[in-house]
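Shown next: run-v6.txt, given as compact mmCIF, C-alpha atoms.
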```txt
# COMPACT_ATOMS: atom_id res chain seq x y z
CA MET A 1 20.71 185.40 92.86
CA ILE A 2 18.56 188.07 94.50
CA TYR A 3 18.09 188.33 98.29
CA ARG A 4 15.63 190.73 99.94
CA ALA A 5 15.34 192.24 103.41
CA ILE A 6 14.15 195.29 105.33
CA PHE A 7 16.70 197.55 107.05
CA ASP A 8 16.83 200.89 108.84
CA ALA A 9 19.46 203.33 107.57
CA VAL A 10 21.83 205.05 109.98
CA ILE A 11 24.04 207.95 108.90
CA ASP A 12 27.40 207.74 110.67
CA LYS A 13 29.70 210.76 110.42
CA ASP A 14 32.71 208.53 111.14
CA LEU A 15 32.20 206.47 107.99
CA GLY A 16 33.71 207.60 104.71
CA LYS A 17 33.38 205.24 101.77
CA GLU A 18 32.55 202.39 104.10
CA ALA A 19 29.20 200.89 105.05
CA GLU A 20 28.37 198.59 107.94
CA LEU A 21 25.65 195.97 107.79
CA LEU A 22 24.06 194.62 110.98
CA GLY A 23 21.59 191.91 110.11
CA ASN A 24 20.36 188.41 110.91
CA CYS A 25 19.38 189.60 114.37
CA GLY A 26 17.92 186.78 116.38
CA GLY A 27 15.14 188.91 117.87
CA SER A 28 14.31 191.18 114.96
CA PRO A 29 10.71 191.34 113.68
CA LEU A 30 12.11 192.51 110.32
CA PRO A 31 12.95 190.08 107.51
CA SER A 32 16.71 189.60 107.03
CA PHE A 33 18.56 188.39 103.96
CA GLY A 34 18.83 184.92 105.47
CA VAL A 35 22.39 184.56 104.19
CA GLU A 36 25.64 186.31 105.02
CA ILE A 37 26.24 189.16 102.62
CA PRO A 38 29.95 189.10 101.71
CA ALA A 39 32.13 191.93 102.94
CA GLY A 40 34.10 194.01 100.47
CA ARG A 41 33.45 196.27 97.51
CA THR A 42 29.71 196.74 97.03
CA ILE A 43 27.62 199.01 94.82
CA LEU A 44 24.76 200.79 96.59
CA ARG A 45 21.88 202.01 94.42
CA LYS A 46 18.74 204.08 94.92
CA GLY A 47 16.82 205.13 91.86
CA ASN A 48 19.36 206.39 89.33
CA ALA A 49 21.97 207.19 91.99
CA ARG A 50 24.82 204.86 92.89
CA ALA A 51 27.79 204.80 95.25
CA THR A 52 30.60 202.30 95.68
CA VAL A 53 31.50 201.40 99.27
CA ILE A 54 33.54 198.88 101.19
CA LEU A 55 30.91 196.87 103.04
CA GLY A 56 31.54 195.42 106.46
CA ASN A 57 29.24 192.69 107.72
CA ASN A 58 28.56 192.70 111.46
CA ASP A 59 25.99 189.91 111.69
CA ALA A 60 24.94 189.35 115.29
CA SER A 61 22.38 187.27 117.13
CA GLU A 62 21.33 189.32 120.19
CA CYS A 63 19.85 192.36 118.47
CA ILE A 64 16.39 193.36 117.29
CA ASP A 65 16.93 195.90 114.50
CA ASN A 66 18.41 195.31 111.06
CA MET A 67 20.58 198.35 110.35
CA ILE A 68 22.87 199.57 107.60
CA SER A 69 25.21 202.44 108.45
CA VAL A 70 26.65 204.71 105.76
CA GLY A 71 28.72 207.89 105.75
CA ARG A 72 27.32 211.36 105.12
CA ALA A 73 28.63 211.62 101.56
CA THR A 74 27.13 208.25 100.61
CA ALA A 75 23.81 209.24 102.19
CA ARG A 76 23.76 212.51 100.21
CA THR A 77 24.56 210.73 96.96
CA LEU A 78 21.78 208.20 97.42
CA GLY A 79 19.29 210.49 99.16
CA LEU A 80 19.14 208.28 102.25
CA ILE A 81 17.55 209.71 105.40
CA ASN A 82 18.77 208.88 108.89
CA LYS A 83 16.63 206.35 110.79
CA ARG A 84 14.33 205.81 107.82
CA ARG A 85 13.29 202.34 106.69
CA TYR A 86 14.15 200.77 103.34
CA ARG A 87 13.61 197.58 101.41
CA LEU A 88 17.00 196.21 100.38
CA ARG A 89 17.67 193.93 97.43
CA TYR A 90 21.09 192.33 97.14
CA ASN A 91 22.21 190.99 93.75
CA THR A 92 24.99 188.42 93.98
CA ALA A 93 25.81 188.74 90.27
CA ASP A 94 27.20 192.29 90.50
CA ARG A 95 27.48 192.69 94.28
CA SER A 96 24.94 195.51 94.31
CA MET A 97 22.46 196.53 96.98
CA THR A 98 19.38 198.52 95.97
CA PHE A 99 17.40 200.74 98.36
CA VAL A 100 13.66 201.39 98.04
CA ALA A 101 11.98 203.60 100.65
CA LYS A 102 9.52 201.84 102.97
CA PRO A 103 7.99 204.62 105.10
CA VAL A 104 4.94 202.60 106.21
CA SER A 105 5.19 199.63 108.58
CA ARG A 106 2.29 197.52 109.81
CA THR A 107 2.10 194.94 112.59
CA ASN A 108 -0.19 193.43 115.20
CA ILE A 109 0.69 194.71 118.66
CA ALA A 110 -0.57 194.19 122.20
CA VAL A 111 -2.29 197.16 123.84
CA ARG A 112 -1.82 197.73 127.58
CA ILE A 113 -3.54 200.34 129.71
CA GLY A 114 -2.19 201.87 132.90
CA ASN A 115 -0.22 204.74 134.40
CA THR A 116 2.83 202.56 135.08
CA VAL A 117 4.53 200.36 132.50
CA ILE A 118 5.99 197.08 133.72
CA GLU A 119 8.63 195.45 131.56
CA ALA A 120 9.37 191.96 132.83
CA PRO A 121 12.22 190.28 130.89
CA PRO A 122 12.39 186.47 131.25
CA ASP A 123 15.72 186.47 133.12
CA GLY A 124 15.83 189.89 134.78
CA GLN A 125 14.23 192.26 137.25
CA PRO A 126 11.03 194.07 136.21
CA VAL A 127 11.46 197.68 135.08
CA PHE A 128 8.78 200.20 136.07
CA THR A 129 8.18 203.34 133.98
CA PRO A 130 5.49 205.95 134.74
CA ILE A 131 3.65 207.53 131.82
CA SER A 132 1.37 210.57 131.63
CA ASP A 133 -1.68 211.34 129.52
CA ASN A 134 0.45 213.04 126.86
CA GLU A 135 2.77 210.04 126.46
CA ILE A 136 2.72 206.64 124.78
CA PHE A 137 5.09 203.82 125.71
CA VAL A 138 6.16 201.28 123.09
CA SER A 139 8.39 198.31 123.88
CA ALA A 140 11.75 198.07 122.13
CA ILE A 141 10.70 195.34 119.74
CA GLY A 142 7.37 197.07 119.09
CA THR A 143 9.28 200.22 118.17
CA VAL A 144 11.31 198.27 115.62
CA ALA A 145 8.29 196.43 114.22
CA LEU A 146 6.53 199.76 113.55
CA GLY A 147 9.62 201.73 112.54
CA LEU A 148 8.89 204.41 115.14
CA ILE A 149 11.11 207.49 115.27
CA LYS A 150 11.74 209.23 118.58
CA TYR A 151 9.82 212.46 118.29
CA PRO A 152 6.21 213.39 119.11
CA LEU A 153 3.89 211.25 117.04
CA GLN A 154 0.22 211.54 116.20
CA LEU A 155 -1.85 208.68 117.60
CA SER A 156 -4.93 208.17 115.47
CA ARG A 157 -7.97 205.90 115.69
CA GLY A 158 -11.02 206.65 113.60
CA ALA A 159 -11.72 210.37 113.84
CA VAL A 160 -9.69 210.84 117.06
CA THR A 161 -6.11 212.15 116.88
CA GLN A 162 -3.71 213.32 119.59
CA SER A 163 -0.05 214.29 119.67
CA LEU A 164 1.88 212.11 122.14
CA ARG A 165 5.47 211.99 123.29
CA LEU A 166 7.06 208.61 122.64
CA LYS A 167 8.76 206.62 125.39
CA VAL A 168 10.70 203.60 124.14
CA GLY A 169 11.38 200.48 126.17
CA GLU A 170 14.94 199.31 126.75
CA GLU A 171 14.33 195.60 127.36
CA ILE A 172 14.84 193.79 124.04
CA PHE A 173 13.53 190.45 125.33
CA VAL A 174 10.05 191.80 126.17
CA GLU A 175 7.03 191.20 123.95
CA SER A 176 5.84 193.72 121.39
CA PHE A 177 3.35 196.08 123.09
CA LEU A 178 2.25 199.68 123.47
CA GLN A 179 0.77 201.27 126.57
CA VAL A 180 -1.30 204.39 127.21
CA THR A 181 -2.93 205.81 130.31
CA PRO A 182 -6.58 205.05 131.17
CA ALA A 183 -7.58 208.60 130.13
CA THR A 184 -5.97 208.19 126.70
CA ALA A 185 -7.50 204.75 126.31
CA ARG A 186 -10.97 206.16 127.00
CA LYS A 187 -10.43 208.97 124.52
CA PHE A 188 -9.55 206.51 121.76
CA GLY A 189 -11.88 203.71 122.81
CA LEU A 190 -8.97 201.34 123.34
CA THR A 191 -9.16 198.08 125.24
CA GLU A 192 -6.41 195.67 126.19
CA GLY A 193 -5.60 192.98 123.64
CA ILE A 194 -3.95 192.49 120.27
CA THR A 195 -4.69 195.12 117.66
CA PRO A 196 -3.39 195.99 114.17
CA ALA A 197 -1.30 199.15 114.01
CA LEU A 198 0.38 201.13 111.24
CA PHE A 199 3.05 203.84 111.39
CA ASN A 200 3.98 206.29 108.66
CA GLN A 201 7.49 207.70 109.08
CA ILE A 202 6.74 210.65 106.79
CA SER A 203 3.58 211.89 108.51
CA SER A 204 4.56 210.51 111.96
CA ILE A 205 1.05 209.12 112.37
CA LEU A 206 0.52 205.91 114.33
CA ARG A 207 -2.86 204.47 113.36
CA ILE A 208 -4.67 201.92 115.51
CA ASP A 209 -7.10 199.63 113.64
CA PRO A 210 -6.01 201.19 110.31
CA GLY A 211 -8.07 198.91 108.06
CA LYS A 212 -6.64 197.39 104.91
```
Written as structure tokens, how would this file's structure read?
Amino acid sequence: MIYRAIFDAVIDKDLGKEAELLGNCGGSPLPSFGVEIPAGRTILRKGNARATVILGNNDASECIDNMISVGRATARTLGLINKRRYRLRYNTADRSMTFVAKPVSRTNIAVRIGNTVIEAPPDGQPVFTPISDNEIFVSAIGTVALGLIKYPLQLSRGAVTQSLRLKVGEEIFVESFLQVTPATARKFGLTEGITPALFNQISSILRIDPGK
């Protein structure tokens, strides 16, 4: 039987011929396998490359990102890139897991406008974070939904583009949203509300209202 999911790859220097799977996260916006992948000897594939690892399964409920960690040698063999997103296909017949790059992620996300971000978790104290005109704040779950990587990104809407420094929220039980300052919102013609967004991990462009 074939099971499919979307995972982010993490290269861990402390892993040799092992791999660690963290999936079935209760709060993840990414599709999981839906079943427990058995631990033990597993074949990892990407294109024509393959590597045999001992897979550990660390399924957990209170997490928001599906991740698979591999060692440096395994990453080199398969051509995996740290913090990049992949479609995974697990085949129960031969205990193999196939990677296919998924650099583009799309989601609907709430837009907020203001110089101070307020994260209000259901059972905790609000967290206040100031942002400047050269910054964009994205909540933790919004970051996962879009596959954002923590370096300056290009925010784009129509013909307007600007390089912004990314600030990532720490509260995992807060809704998916992004926030910019009023000046940035005016520049891009943004208003508060739900909007489609798309992020390309290769170009580092975050597009608002990207079209089809």
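Remark: for Ala51 of chain A, the closest of the candidate residues A:Ser32, A:Asn82, A:Gln162, A:Thr77 is A:Thr77 (distances computed over all atoms listed in the file).
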Response to the item:
Across A:Val127, A:Ala73, A:Val53, A:Val117, the smallest distance to Ser96 of chain A, with all atoms listed in the file counted, is shown by A:Val53
Worksheet item: Which of these, A:Pro38, A:Gly114, A:Pro122, A:Pro103, has the shortest distance to Leu146 of chain A once you count all atoms listed in the file?
Response: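 Nearest candidate to Leu146 of chain A out of A:Pro38, A:Gly114, A:Pro122, A:Pro103: A:Pro103.
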Worksheet item: Of the candidates A:Asn108, A:Ser163, A:Thr42, A:Ser28, which one gets nearest to Ala93 of chain A if we count only C-alpha atoms?
Response: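 Among A:Asn108, A:Ser163, A:Thr42, A:Ser28, it is A:Thr42 that comes nearest to Ala93 of chain A.
Using all atoms listed in the file, the residues found no farther than 6 Å from segment 193-199 of chain A, other than those of its own chain fewer than 5 positions away, are Val104, Ser105, Arg106, Thr107, Asn108, Ile109, Ala110, Val111, Leu146, Ile205, Leu206, Arg207, Ile208 and Asp209 of chain A.
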Practice prompt. Counting all atoms listed in the file, select every polymer residue within 12 Å of (33.5, 209.5, 114.3) as defined in the file's coordinates, and provide the selection as a PyMOL selection string.
Written response: chain A and resi 11-16+70-72
Fill in: Protein and nucleic acid residues near (6.9, 214.1, 120.2) (cut-off 8 Å, all atoms listed in the file) as a list in words
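Residues lying no farther than 8 Å from the given point: Lys150, Tyr151, Pro152, Leu153, Ser163, Leu164, Arg165 and Leu166 of chain A.
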Fill in: Which residue of A:Lys167, A:Lys17, A:Arg89, A:Arg84 approaches Asn200 of chain A most closely, using all atoms listed in the file
A:Arg84
Using the file's own x, y and z axes, so that the box edges lie along x, y and z, what centre and edge lengths in Å (one decimal) does a box around every listed atom of segment 15-34 of chain A get when 8 Å is added on each side? Give it as lines of an AutoDock Vina configuration file.
```
center_x = 22.2
center_y = 196.3
center_z = 109.8
size_x = 39.0
size_y = 38.7
size_z = 32.1
```
Discussion item. Which residue is closest to Phe188 of chain A? Choose from A:Ile141, A:Cys25, A:Ile202, A:Ile113 and count all atoms listed in the file.
Written reply: A:Ile113
Worksheet entry | Test item: residues at most 12 Å from Ile64 of chain A, only C-alpha atoms, excluding those fewer than 3 positions along its chain, as a ChimeraX atom specification | /A:7-8,22-32,59-61,67,139-145,147,170-176
Item to complete: Measure the distance from atom CA of Glu20 of chain A to atom CA of Ile68 of chain A in Å and round it to one decimal.
Response: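 Calculated distance between atom CA of Glu20 of chain A and atom CA of Ile68 of chain A is 5.6 Å.
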Some atoms are absent from segment 91-102 of chain A, so rebuild N, CA, C and O atoms and return them as a compact mmCIF listing (two decimals), keeping the file's coordinate frame.
```txt
# COMPACT_ATOMS: atom_id res chain seq x y z
N ASN A 91 22.00 191.78 94.96
CA ASN A 91 22.21 190.99 93.75
C ASN A 91 23.61 190.39 93.80
O ASN A 91 24.61 191.12 93.79
N THR A 92 23.69 189.07 93.88
CA THR A 92 24.99 188.42 93.98
C THR A 92 25.79 188.52 92.68
O THR A 92 27.03 188.43 92.71
N ALA A 93 25.12 188.72 91.56
CA ALA A 93 25.81 188.74 90.27
C ALA A 93 26.78 189.92 90.16
O ALA A 93 27.90 189.77 89.66
N ASP A 94 26.33 191.11 90.61
CA ASP A 94 27.20 192.29 90.50
C ASP A 94 27.52 192.92 91.85
O ASP A 94 28.03 194.03 91.91
N ARG A 95 27.21 192.21 92.91
CA ARG A 95 27.48 192.69 94.28
C ARG A 95 26.89 194.08 94.49
O ARG A 95 27.56 195.00 94.94
N SER A 96 25.61 194.22 94.14
CA SER A 96 24.94 195.51 94.31
C SER A 96 23.80 195.38 95.30
O SER A 96 23.17 194.33 95.42
N MET A 97 23.54 196.48 96.00
CA MET A 97 22.46 196.53 96.98
C MET A 97 21.58 197.73 96.64
O MET A 97 22.06 198.87 96.60
N THR A 98 20.31 197.48 96.39
CA THR A 98 19.38 198.52 95.97
C THR A 98 18.44 198.89 97.11
O THR A 98 17.88 198.02 97.78
N PHE A 99 18.27 200.21 97.32
CA PHE A 99 17.40 200.74 98.36
C PHE A 99 16.09 201.22 97.75
O PHE A 99 16.08 201.94 96.75
N VAL A 100 14.98 200.85 98.39
CA VAL A 100 13.66 201.39 98.04
C VAL A 100 12.99 201.82 99.35
O VAL A 100 12.90 201.02 100.29
N ALA A 101 12.56 203.07 99.41
CA ALA A 101 11.98 203.60 100.65
C ALA A 101 10.77 202.79 101.08
O ALA A 101 9.93 202.40 100.26
N LYS A 102 10.67 202.53 102.38
CA LYS A 102 9.52 201.84 102.97
C LYS A 102 9.05 202.64 104.19
O LYS A 102 9.29 202.25 105.33
```
